[in-house]
>>> print(open('run_35.txt').read())   # compact mmCIF, C-alpha atoms
# COMPACT_ATOMS: atom_id res chain seq x y z
CA MET K 1 78.14 -75.63 14.95
CA ASN K 2 74.84 -76.62 13.47
CA ASP K 3 73.02 -73.46 14.44
CA MET K 4 73.67 -69.82 13.81
CA PRO K 5 74.23 -67.69 16.88
CA GLU K 6 71.16 -65.69 17.70
CA ASP K 7 71.82 -62.14 18.73
CA GLY K 8 70.40 -60.72 21.89
CA GLY K 9 68.40 -58.14 20.00
CA GLY K 10 71.14 -55.59 20.64
CA VAL K 11 71.22 -56.34 24.36
CA VAL K 12 74.75 -56.29 25.79
CA LYS K 13 75.13 -57.96 29.16
CA LYS K 14 78.16 -58.41 31.37
CA PHE K 15 79.14 -62.08 31.25
CA LEU K 16 81.70 -63.47 33.69
CA TYR K 17 83.08 -66.96 33.26
CA VAL K 18 84.41 -68.23 36.58
CA ASN K 19 87.11 -70.88 36.30
CA ARG K 20 87.86 -72.68 39.54
CA LYS K 21 89.19 -76.07 38.53
CA ALA K 22 92.56 -77.39 37.34
CA PRO K 23 92.91 -77.73 33.55
CA TYR K 24 93.20 -81.50 33.46
CA GLY K 25 91.66 -84.25 35.59
CA THR K 26 88.16 -83.00 34.77
CA ILE K 27 86.77 -81.54 31.56
CA TYR K 28 85.36 -78.35 33.11
CA ALA K 29 88.19 -76.04 32.06
CA GLN K 30 88.19 -77.23 28.46
CA GLU K 31 84.42 -77.06 28.09
CA SER K 32 84.41 -73.62 29.75
CA LEU K 33 86.81 -72.40 27.09
CA GLU K 34 84.50 -73.79 24.41
CA VAL K 35 81.65 -71.69 25.80
CA VAL K 36 83.85 -68.59 25.89
CA LEU K 37 84.86 -69.02 22.24
CA ILE K 38 81.31 -69.60 21.01
CA GLY K 39 80.01 -66.83 23.26
CA ALA K 40 82.45 -64.35 21.72
CA ALA K 41 80.26 -64.28 18.59
CA PHE K 42 77.45 -62.72 20.62
CA GLU K 43 79.25 -59.42 21.23
CA GLN K 44 78.58 -59.37 24.94
CA ASP K 45 80.81 -57.72 27.56
CA VAL K 46 82.90 -60.75 28.51
CA SER K 47 85.32 -61.27 31.42
CA LEU K 48 87.02 -64.38 32.75
CA ALA K 49 87.98 -65.01 36.36
CA PHE K 50 90.53 -67.58 37.50
CA LEU K 51 90.56 -68.60 41.14
CA ASP K 52 91.10 -71.63 43.36
CA ASP K 53 92.70 -74.41 41.26
CA GLY K 54 91.51 -72.51 38.17
CA VAL K 55 94.74 -70.48 38.27
CA PHE K 56 96.55 -73.62 37.08
CA GLN K 57 94.75 -73.24 33.75
CA LEU K 58 97.03 -70.30 32.90
CA VAL K 59 100.35 -71.80 33.99
CA LYS K 60 102.93 -71.67 31.20
CA GLY K 61 104.74 -74.65 29.79
CA GLN K 62 101.87 -77.12 30.08
CA ASN K 63 102.70 -80.52 28.62
CA THR K 64 100.09 -83.26 28.46
CA ASP K 65 102.06 -85.83 26.43
CA ASP K 66 102.13 -88.39 29.23
CA ILE K 67 98.43 -88.23 30.11
CA GLY K 68 97.10 -88.62 26.58
CA VAL K 69 94.75 -85.64 26.60
CA LYS K 70 94.83 -82.54 24.44
CA ASN K 71 96.87 -79.59 25.68
CA PHE K 72 94.39 -76.79 25.06
CA SER K 73 96.36 -74.11 26.89
CA PRO K 74 97.54 -72.32 23.68
CA THR K 75 93.89 -71.34 23.16
CA TYR K 76 94.06 -68.91 26.09
CA ARG K 77 96.67 -66.91 24.21
CA ALA K 78 94.32 -66.64 21.23
CA LEU K 79 91.46 -65.15 23.28
CA GLY K 80 92.49 -61.64 22.27
CA ASP K 81 91.67 -62.52 18.64
CA PHE K 82 88.13 -63.23 19.84
CA GLU K 83 87.99 -59.87 21.62
CA VAL K 84 88.08 -61.58 24.98
CA THR K 85 90.57 -59.32 26.72
CA LYS K 86 89.64 -59.19 30.41
CA LEU K 87 91.14 -62.03 32.41
CA PHE K 88 91.15 -61.60 36.20
CA VAL K 89 93.43 -63.82 38.29
CA GLU K 90 93.00 -63.95 42.05
CA LYS K 91 96.24 -63.20 43.87
CA GLU K 92 95.40 -65.25 46.96
CA SER K 93 94.75 -68.37 44.90
CA LEU K 94 98.16 -68.01 43.24
CA ALA K 95 99.93 -67.53 46.57
CA GLU K 96 98.13 -70.44 48.25
CA ARG K 97 99.45 -72.70 45.50
CA GLY K 98 103.02 -71.41 45.57
CA LEU K 99 102.61 -69.70 42.21
CA THR K 100 103.71 -66.24 41.20
CA GLU K 101 102.63 -63.97 38.36
CA ASP K 102 105.73 -65.07 36.44
CA ASP K 103 104.49 -68.68 36.38
CA LEU K 104 101.58 -67.72 34.12
CA MET K 105 101.47 -67.47 30.35
CA GLU K 106 101.84 -64.06 28.80
CA ILE K 107 98.45 -63.32 27.27
CA MET K 108 98.22 -60.15 25.18
CA TYR K 109 95.66 -58.37 23.04
CA GLU K 110 95.81 -55.55 20.54
CA ASP K 111 93.83 -52.53 21.75
CA GLU K 112 91.90 -51.23 18.74
CA ASP K 113 91.08 -48.02 20.67
CA ASP K 114 94.77 -47.29 21.29
CA ASP K 115 96.43 -47.66 17.89
CA TRP K 116 96.47 -51.48 18.21
CA GLU K 117 98.98 -51.33 21.01
CA GLU K 118 99.74 -54.71 22.58
CA LYS K 119 98.50 -54.89 26.16
CA PRO K 120 98.32 -57.65 28.77
CA SER K 121 94.92 -59.32 29.13
CA ILE K 122 95.56 -60.55 32.66
CA THR K 123 94.82 -58.35 35.66
CA PHE K 124 95.80 -59.61 39.10
CA VAL K 125 93.17 -58.86 41.72
CA ASN K 126 92.66 -59.73 45.36
CA LYS K 127 89.61 -61.50 46.78
CA SER K 128 87.67 -58.35 47.60
CA GLU K 129 88.36 -56.80 44.19
CA LEU K 130 87.15 -60.01 42.55
CA ALA K 131 84.03 -59.97 44.71
CA ALA K 132 83.29 -56.45 43.46
CA ILE K 133 83.81 -57.60 39.84
CA MET K 134 81.39 -60.49 40.41
CA ALA K 135 78.79 -58.21 41.98
CA ASP K 136 78.91 -56.02 38.88
CA GLN K 137 77.94 -58.84 36.44
CA ASP K 138 74.62 -59.67 34.78
CA VAL K 139 75.39 -63.32 34.03
CA ILE K 140 77.90 -65.55 35.80
CA LEU K 141 78.77 -68.97 34.44
CA SER K 142 80.88 -70.97 36.86
CA PHE K 143 82.88 -73.98 35.70
CA MET O 1 60.27 -63.43 35.86
CA LYS O 2 62.01 -65.25 33.04
CA PHE O 3 64.52 -67.92 34.07
CA GLY O 4 67.25 -69.75 32.21
CA ILE O 5 68.39 -73.05 33.73
CA VAL O 6 71.79 -74.71 33.28
CA VAL O 7 72.42 -78.33 34.30
CA ASN O 8 76.12 -79.17 34.46
CA GLU O 9 76.27 -82.58 36.16
CA GLY O 10 75.16 -86.07 35.24
CA PRO O 11 72.03 -87.79 36.58
CA TYR O 12 72.24 -90.07 39.65
CA THR O 13 75.97 -89.32 40.16
CA HIS O 14 75.17 -85.81 41.30
CA GLN O 15 72.15 -84.07 42.77
CA ALA O 16 72.27 -81.20 40.26
CA ALA O 17 69.81 -82.74 37.77
CA ASP O 18 67.31 -83.45 40.59
CA THR O 19 67.58 -80.01 42.17
CA ALA O 20 67.37 -78.31 38.80
CA TYR O 21 64.23 -80.32 38.03
CA LYS O 22 62.59 -79.38 41.32
CA PHE O 23 63.56 -75.74 40.91
CA THR O 24 62.29 -75.58 37.32
CA LYS O 25 59.03 -77.28 38.28
CA ALA O 26 58.53 -74.88 41.21
CA VAL O 27 59.27 -71.85 39.04
CA LEU O 28 56.72 -72.96 36.43
CA GLU O 29 54.08 -73.81 39.05
CA LYS O 30 54.50 -70.30 40.48
CA GLY O 31 53.65 -68.92 37.04
CA HIS O 32 57.12 -67.75 36.01
CA ASP O 33 58.57 -68.37 32.56
CA VAL O 34 61.50 -70.63 31.74
CA HIS O 35 63.19 -69.47 28.58
CA ARG O 36 65.30 -72.59 28.22
CA VAL O 37 66.93 -75.46 30.10
CA PHE O 38 70.47 -76.04 28.85
CA PHE O 39 72.31 -79.29 29.56
CA TYR O 40 76.10 -79.10 29.51
CA HIS O 41 79.11 -81.19 30.64
CA ASP O 42 77.80 -84.55 31.99
CA GLY O 43 74.38 -82.90 32.28
CA VAL O 44 73.81 -84.01 28.67
CA ASN O 45 73.40 -87.57 29.98
CA VAL O 46 70.02 -86.60 31.44
CA GLY O 47 68.71 -86.64 27.87
CA THR O 48 69.12 -90.33 27.03
CA ARG O 49 65.94 -92.36 26.71
CA MET O 50 67.99 -95.55 27.40
CA SER O 51 68.11 -94.85 31.13
CA VAL O 52 66.40 -97.59 33.17
CA PRO O 53 66.70 -96.83 36.90
CA PRO O 54 65.37 -99.30 39.48
CA GLN O 55 61.59 -99.09 39.80
CA ASP O 56 61.72 -97.77 43.37
CA ASP O 57 63.96 -94.87 42.34
CA ARG O 58 63.00 -91.62 40.61
CA HIS O 59 63.29 -91.55 36.82
CA ILE O 60 65.21 -88.36 36.18
CA GLN O 61 64.99 -88.36 32.39
CA ARG O 62 61.27 -89.13 32.41
CA ASN O 63 60.63 -86.40 34.99
CA TRP O 64 62.22 -83.86 32.68
CA SER O 65 60.46 -85.17 29.56
CA GLU O 66 57.09 -84.97 31.28
CA LEU O 67 57.79 -81.47 32.57
CA ALA O 68 58.77 -80.41 29.04
CA GLU O 69 55.57 -81.78 27.61
CA LYS O 70 53.36 -80.20 30.26
CA TYR O 71 54.89 -76.72 30.01
CA ASP O 72 56.23 -76.76 26.44
CA LEU O 73 59.76 -76.35 27.83
CA ASP O 74 62.71 -75.80 25.52
CA MET O 75 65.32 -78.35 26.68
CA VAL O 76 68.62 -78.11 24.80
CA ILE O 77 71.54 -80.52 24.96
CA CYS O 78 74.90 -79.08 23.96
CA ILE O 79 76.04 -80.73 20.75
CA ALA O 80 79.78 -80.61 21.50
CA ALA O 81 79.32 -82.12 24.96
CA ALA O 82 76.77 -84.64 23.61
CA GLN O 83 79.00 -85.90 20.84
CA ARG O 84 81.80 -86.62 23.31
CA ARG O 85 79.42 -88.56 25.54
CA GLY O 86 77.35 -90.39 22.93
CA ILE O 87 74.02 -88.58 23.15
CA MET O 88 72.60 -88.56 19.62
CA ASP O 89 69.42 -87.55 17.88
CA GLU O 90 68.40 -89.15 14.60
CA ASN O 91 70.04 -86.55 12.37
CA GLU O 92 73.28 -86.49 14.28
CA ALA O 93 73.50 -90.30 14.42
CA LYS O 94 73.01 -90.44 10.66
CA ARG O 95 75.57 -87.71 10.06
CA GLN O 96 78.14 -89.55 12.21
CA GLY O 97 77.38 -92.93 10.61
CA LEU O 98 76.12 -94.43 13.88
CA ASP O 99 73.61 -97.26 14.15
CA GLY O 100 71.09 -95.58 16.39
CA ASP O 101 70.03 -92.57 18.39
CA ASN O 102 69.15 -92.28 22.05
CA ILE O 103 67.74 -88.82 22.68
CA ALA O 104 64.71 -88.69 24.97
CA PRO O 105 61.39 -86.98 24.17
CA GLY O 106 61.34 -83.24 24.78
CA PHE O 107 65.10 -82.78 24.37
CA ARG O 108 66.82 -81.31 21.34
CA ILE O 109 70.48 -81.06 20.42
CA SER O 110 71.90 -77.66 19.55
CA GLY O 111 74.93 -75.43 19.97
CA LEU O 112 76.52 -73.57 22.84
CA GLY O 113 75.13 -70.37 21.38
CA GLN O 114 71.82 -71.43 22.91
CA LEU O 115 73.43 -71.15 26.36
CA ILE O 116 74.70 -67.64 25.72
CA GLU O 117 71.36 -66.65 24.22
CA ALA O 118 69.62 -67.98 27.36
CA GLY O 119 71.91 -65.73 29.44
CA VAL O 120 71.05 -62.74 27.30
CA GLN O 121 67.30 -63.35 27.18
CA SER O 122 66.62 -64.48 30.77
CA ASP O 123 66.23 -62.23 33.79
CA ARG O 124 68.11 -64.83 35.83
CA LEU O 125 70.37 -67.64 34.63
CA VAL O 126 70.56 -70.29 37.35
CA THR O 127 73.30 -72.92 37.20
CA PHE O 128 73.10 -76.33 38.86
CA GLY O 129 76.37 -78.19 39.42
CA ASP O 130 79.58 -77.81 41.37
>>> encode(input="run_35.txt", output="structure tokens")
Amino acid sequence: MNDMPEDGGGVVKKFLYVNRKAPYGTIYAQESLEVVLIGAAFEQDVSLAFLDDGVFQLVKGQNTDDIGVKNFSPTYRALGDFEVTKLFVEKESLAERGLTEDDLMEIMYEDEDDDWEEKPSITFVNKSELAAIMADQDVILSF
Amino acid sequence: MKFGIVVNEGPYTHQAADTAYKFTKAVLEKGHDVHRVFFYHDGVNVGTRMSVPPQDDRHIQRNWSELAEKYDLDMVICIAAAQRRGIMDENEAKRQGLDGDNIAPGFRISGLGQLIEAGVQSDRLVTFGD
């Protein structure tokens, strides 16, 4: 980057990144992830939501060899290193697409407040729970 | 109230750049502040001065440039998205060994941190796009 992140003057806001599109076919998912990674430097309270076709972003075993675009899915598993540890996946979106929780990548983080114990980053929520999470945010960026 | 504006879709293909312009203009005319307008995804294409729409159509880039001049707006184009799509200022063109730049007046190229900072600093961050 050619500019240093500016801090928010100590302000910590709740940021939710809403991912609703499939990982390939459009660039939204990849450029959303770029915002999340840069945003991590700002020490805000960050969550990610995956719904609609966005749940496909977390499917394991992605292989893009035949479409000639970068497979950026391993980056999701590195989010914990950036202290991005709250990933909410909408159950209805999974079910509508014939997916189960087992179809998704295992994404873990080390909890520094609990003796660095490894914990799952993904929480499965239903529509109404996700609505409550959204209502609780200060800033929502939807991609 | 202090607004941040995000434009996520390209001009003419999608209404987002038009609606964002009208919203931003209305906000400023009502006396509110706009902390920043951030152009991301294909939204970066709003910031090319090489756009030449038919004369009987609106000139989206020029509308934004004129608004920026009138209200001293901070209009930022994401550098990562811009590089992919060929939006260059003079410095960036030189750095990449390219033969010219195309950024329009009133726009500047900077990092994604400017988007996050706009979210932190603004009372409302309003996104235009799908």
>>> atom_distance(input="run_35.txt", atom1="CA of Val59 in chain K", atom2="CA of His14 in chain O")
29.7 Å
>>> atom_distance(input="run_35.txt", atom1="CA of Gln57 in chain K", atom2="CA of Ser32 in chain K")
11.1 Å
>>> residues_around(input="run_35.txt", residues="Phe23 in chain O", least_positions_apart="2", cutoff="12 Å", atoms="all atoms listed in the file", output="list of chain:residue names")
O:Phe3, O:Gly4, O:Ile5, O:Val6, O:Val7, O:Ala16, O:Ala17, O:Asp18, O:Thr19, O:Ala20, O:Tyr21, O:Lys25, O:Ala26, O:Val27, O:Leu28, O:Glu29, O:Lys30, O:His32, O:Val34, O:Val37, O:Trp64, O:Leu67, O:Val126, O:Thr127, O:Phe128
>>> closest_residue(input="run_35.txt", among="K:Phe88, K:Tyr109, K:Phe72, K:Tyr28", to="Ala131 in chain K", atoms="all atoms listed in the file")
K:Phe88
>>> interface_residues(input="run_35.txt", of="chain O", to="chain K", cutoff="9 Å", atoms="only C-alpha atoms", output="PyMOL selection string")
chain O and resi 8+40-41+79-81+110-117+119-121+123-127+129-130
>>> atom_distance(input="run_35.txt", atom1="CA of Pro105 in chain O", atom2="CA of Met50 in chain O")
11.3 Å
>>> residues_near_point(input="run_35.txt", point="(69.3, -90.8, 19.6)", cutoff="7 Å", atoms="only C-alpha atoms", output="MDAnalysis selection string")
chainID O and resid 87:90 93 100:103
>>> residues_near_point(input="run_35.txt", point="(77.1, -90.5, 37.6)", cutoff="12 Å", atoms="all atoms listed in the file", output="list in words")
Asn8, Glu9, Gly10, Pro11, Tyr12, Thr13, His14, Gln15, Ala16, Ala17, His41, Asp42, Gly43, Val44, Asn45, Val46 and Ser51 of chain O
>>> residues_around(input="run_35.txt", residues="range 113-125 of chain K", least_positions_apart="6", cutoff="6 Å", atoms="all atoms listed in the file", output="number ranges by chain")
K: 85-91, 107
>>> closest_residue(input="run_35.txt", among="O:Asp72, O:Asp57, O:Glu92, O:Glu66", to="His35 in chain O", atoms="all atoms listed in the file")
O:Asp72
>>> closest_residue(input="run_35.txt", among="O:Ser122, O:Gly86, O:Phe107, O:Lys2", to="Leu73 in chain O", atoms="only C-alpha atoms")
O:Phe107
>>> axis_aligned_box(input="run_35.txt", around="range 96-111 of chain K", padding_each_side="3 Å", output="lines of an AutoDock Vina configuration file")
center_x = 99.8
center_y = -62.6
center_z = 34.4
size_x = 17.9
size_y = 26.2
size_z = 33.7
>>> closest_residue(input="run_35.txt", among="K:Met105, K:Leu99, K:Leu48, K:Ile67", to="Gly25 in chain K", atoms="all atoms listed in the file")
K:Ile67
>>> residues_around(input="run_35.txt", residues="Pro23 in chain K", least_positions_apart="5", cutoff="12 Å", atoms="all atoms listed in the file", output="PyMOL selection string")
chain K and resi 28-33+50+52-60+62-64+69-73+76+143
>>> write_last_selection(input="run_35.txt", atoms="C-alpha atoms", output="tab-separated table (two decimals), in the coordinates of the input")
chain	number	residue	atom	x	y	z
K	28	TYR	CA	85.36	-78.35	33.11
K	29	ALA	CA	88.19	-76.04	32.06
K	30	GLN	CA	88.19	-77.23	28.46
K	31	GLU	CA	84.42	-77.06	28.09
K	32	SER	CA	84.41	-73.62	29.75
K	33	LEU	CA	86.81	-72.40	27.09
K	50	PHE	CA	90.53	-67.58	37.50
K	52	ASP	CA	91.10	-71.63	43.36
K	53	ASP	CA	92.70	-74.41	41.26
K	54	GLY	CA	91.51	-72.51	38.17
K	55	VAL	CA	94.74	-70.48	38.27
K	56	PHE	CA	96.55	-73.62	37.08
K	57	GLN	CA	94.75	-73.24	33.75
K	58	LEU	CA	97.03	-70.30	32.90
K	59	VAL	CA	100.35	-71.80	33.99
K	60	LYS	CA	102.93	-71.67	31.20
K	62	GLN	CA	101.87	-77.12	30.08
K	63	ASN	CA	102.70	-80.52	28.62
K	64	THR	CA	100.09	-83.26	28.46
K	69	VAL	CA	94.75	-85.64	26.60
K	70	LYS	CA	94.83	-82.54	24.44
K	71	ASN	CA	96.87	-79.59	25.68
K	72	PHE	CA	94.39	-76.79	25.06
K	73	SER	CA	96.36	-74.11	26.89
K	76	TYR	CA	94.06	-68.91	26.09
K	143	PHE	CA	82.88	-73.98	35.70
>>> decode(input="run_35.txt", residues="range 77-100 of chain K", atoms="N, CA and C atoms", output="PDB file, in the first residue's frame")
ATOM      1  N   ARG K  77      -8.570 -19.129   5.588  1.00  0.00           N
ATOM      2  CA  ARG K  77      -8.047 -19.879   6.726  1.00  0.00           C
ATOM      3  C   ARG K  77      -6.977 -19.099   7.474  1.00  0.00           C
ATOM      4  N   ALA K  78      -6.452 -18.046   6.840  1.00  0.00           N
ATOM      5  CA  ALA K  78      -5.429 -17.226   7.486  1.00  0.00           C
ATOM      6  C   ALA K  78      -6.039 -16.039   8.243  1.00  0.00           C
ATOM      7  N   LEU K  79      -7.359 -15.882   8.168  1.00  0.00           N
ATOM      8  CA  LEU K  79      -7.983 -14.700   8.775  1.00  0.00           C
ATOM      9  C   LEU K  79      -7.701 -14.598  10.278  1.00  0.00           C
ATOM     10  N   GLY K  80      -7.598 -15.768  10.921  1.00  0.00           N
ATOM     11  CA  GLY K  80      -7.324 -15.779  12.360  1.00  0.00           C
ATOM     12  C   GLY K  80      -6.023 -15.069  12.701  1.00  0.00           C
ATOM     13  N   ASP K  81      -5.025 -15.183  11.795  1.00  0.00           N
ATOM     14  CA  ASP K  81      -3.738 -14.509  12.012  1.00  0.00           C
ATOM     15  C   ASP K  81      -3.884 -12.999  11.965  1.00  0.00           C
ATOM     16  N   PHE K  82      -4.971 -12.534  11.352  1.00  0.00           N
ATOM     17  CA  PHE K  82      -5.244 -11.093  11.271  1.00  0.00           C
ATOM     18  C   PHE K  82      -6.258 -10.672  12.335  1.00  0.00           C
ATOM     19  N   GLU K  83      -6.479 -11.570  13.286  1.00  0.00           N
ATOM     20  CA  GLU K  83      -7.456 -11.334  14.359  1.00  0.00           C
ATOM     21  C   GLU K  83      -8.862 -11.087  13.833  1.00  0.00           C
ATOM     22  N   VAL K  84      -9.156 -11.711  12.717  1.00  0.00           N
ATOM     23  CA  VAL K  84     -10.534 -11.718  12.202  1.00  0.00           C
ATOM     24  C   VAL K  84     -11.076 -13.112  12.516  1.00  0.00           C
ATOM     25  N   THR K  85     -11.907 -13.191  13.543  1.00  0.00           N
ATOM     26  CA  THR K  85     -12.245 -14.494  14.110  1.00  0.00           C
ATOM     27  C   THR K  85     -13.744 -14.757  14.188  1.00  0.00           C
ATOM     28  N   LYS K  86     -14.545 -13.824  13.691  1.00  0.00           N
ATOM     29  CA  LYS K  86     -16.000 -14.003  13.770  1.00  0.00           C
ATOM     30  C   LYS K  86     -16.584 -14.106  12.369  1.00  0.00           C
ATOM     31  N   LEU K  87     -16.828 -15.332  11.940  1.00  0.00           N
ATOM     32  CA  LEU K  87     -17.420 -15.578  10.627  1.00  0.00           C
ATOM     33  C   LEU K  87     -18.806 -16.201  10.841  1.00  0.00           C
ATOM     34  N   PHE K  88     -19.844 -15.523  10.377  1.00  0.00           N
ATOM     35  CA  PHE K  88     -21.204 -16.031  10.536  1.00  0.00           C
ATOM     36  C   PHE K  88     -21.717 -16.558   9.198  1.00  0.00           C
ATOM     37  N   VAL K  89     -22.175 -17.805   9.199  1.00  0.00           N
ATOM     38  CA  VAL K  89     -22.697 -18.425   7.976  1.00  0.00           C
ATOM     39  C   VAL K  89     -24.182 -18.703   8.173  1.00  0.00           C
ATOM     40  N   GLU K  90     -24.983 -18.264   7.213  1.00  0.00           N
ATOM     41  CA  GLU K  90     -26.428 -18.418   7.345  1.00  0.00           C
ATOM     42  C   GLU K  90     -26.862 -19.835   6.978  1.00  0.00           C
ATOM     43  N   LYS K  91     -27.530 -20.474   7.914  1.00  0.00           N
ATOM     44  CA  LYS K  91     -27.929 -21.878   7.727  1.00  0.00           C
ATOM     45  C   LYS K  91     -28.873 -22.054   6.533  1.00  0.00           C
ATOM     46  N   GLU K  92     -29.828 -21.152   6.396  1.00  0.00           N
ATOM     47  CA  GLU K  92     -30.804 -21.295   5.310  1.00  0.00           C
ATOM     48  C   GLU K  92     -30.135 -21.247   3.944  1.00  0.00           C
ATOM     49  N   SER K  93     -29.129 -20.369   3.809  1.00  0.00           N
ATOM     50  CA  SER K  93     -28.439 -20.257   2.528  1.00  0.00           C
ATOM     51  C   SER K  93     -27.712 -21.557   2.183  1.00  0.00           C
ATOM     52  N   LEU K  94     -27.106 -22.172   3.203  1.00  0.00           N
ATOM     53  CA  LEU K  94     -26.451 -23.466   2.985  1.00  0.00           C
ATOM     54  C   LEU K  94     -27.472 -24.493   2.500  1.00  0.00           C
ATOM     55  N   ALA K  95     -28.578 -24.597   3.243  1.00  0.00           N
ATOM     56  CA  ALA K  95     -29.581 -25.624   2.944  1.00  0.00           C
ATOM     57  C   ALA K  95     -30.191 -25.423   1.553  1.00  0.00           C
ATOM     58  N   GLU K  96     -30.467 -24.170   1.213  1.00  0.00           N
ATOM     59  CA  GLU K  96     -31.064 -23.887  -0.101  1.00  0.00           C
ATOM     60  C   GLU K  96     -30.157 -24.337  -1.232  1.00  0.00           C
ATOM     61  N   ARG K  97     -28.857 -24.402  -0.967  1.00  0.00           N
ATOM     62  CA  ARG K  97     -27.897 -24.769  -2.010  1.00  0.00           C
ATOM     63  C   ARG K  97     -27.421 -26.214  -1.881  1.00  0.00           C
ATOM     64  N   GLY K  98     -28.085 -26.971  -1.028  1.00  0.00           N
ATOM     65  CA  GLY K  98     -27.716 -28.381  -0.869  1.00  0.00           C
ATOM     66  C   GLY K  98     -26.385 -28.573  -0.173  1.00  0.00           C
ATOM     67  N   LEU K  99     -25.954 -27.586   0.587  1.00  0.00           N
ATOM     68  CA  LEU K  99     -24.679 -27.684   1.297  1.00  0.00           C
ATOM     69  C   LEU K  99     -24.930 -27.994   2.772  1.00  0.00           C
ATOM     70  N   THR K 100     -23.951 -28.631   3.390  1.00  0.00           N
ATOM     71  CA  THR K 100     -24.012 -28.835   4.831  1.00  0.00           C
ATOM     72  C   THR K 100     -22.778 -28.192   5.469  1.00  0.00           C
TER      73      THR K 100
END
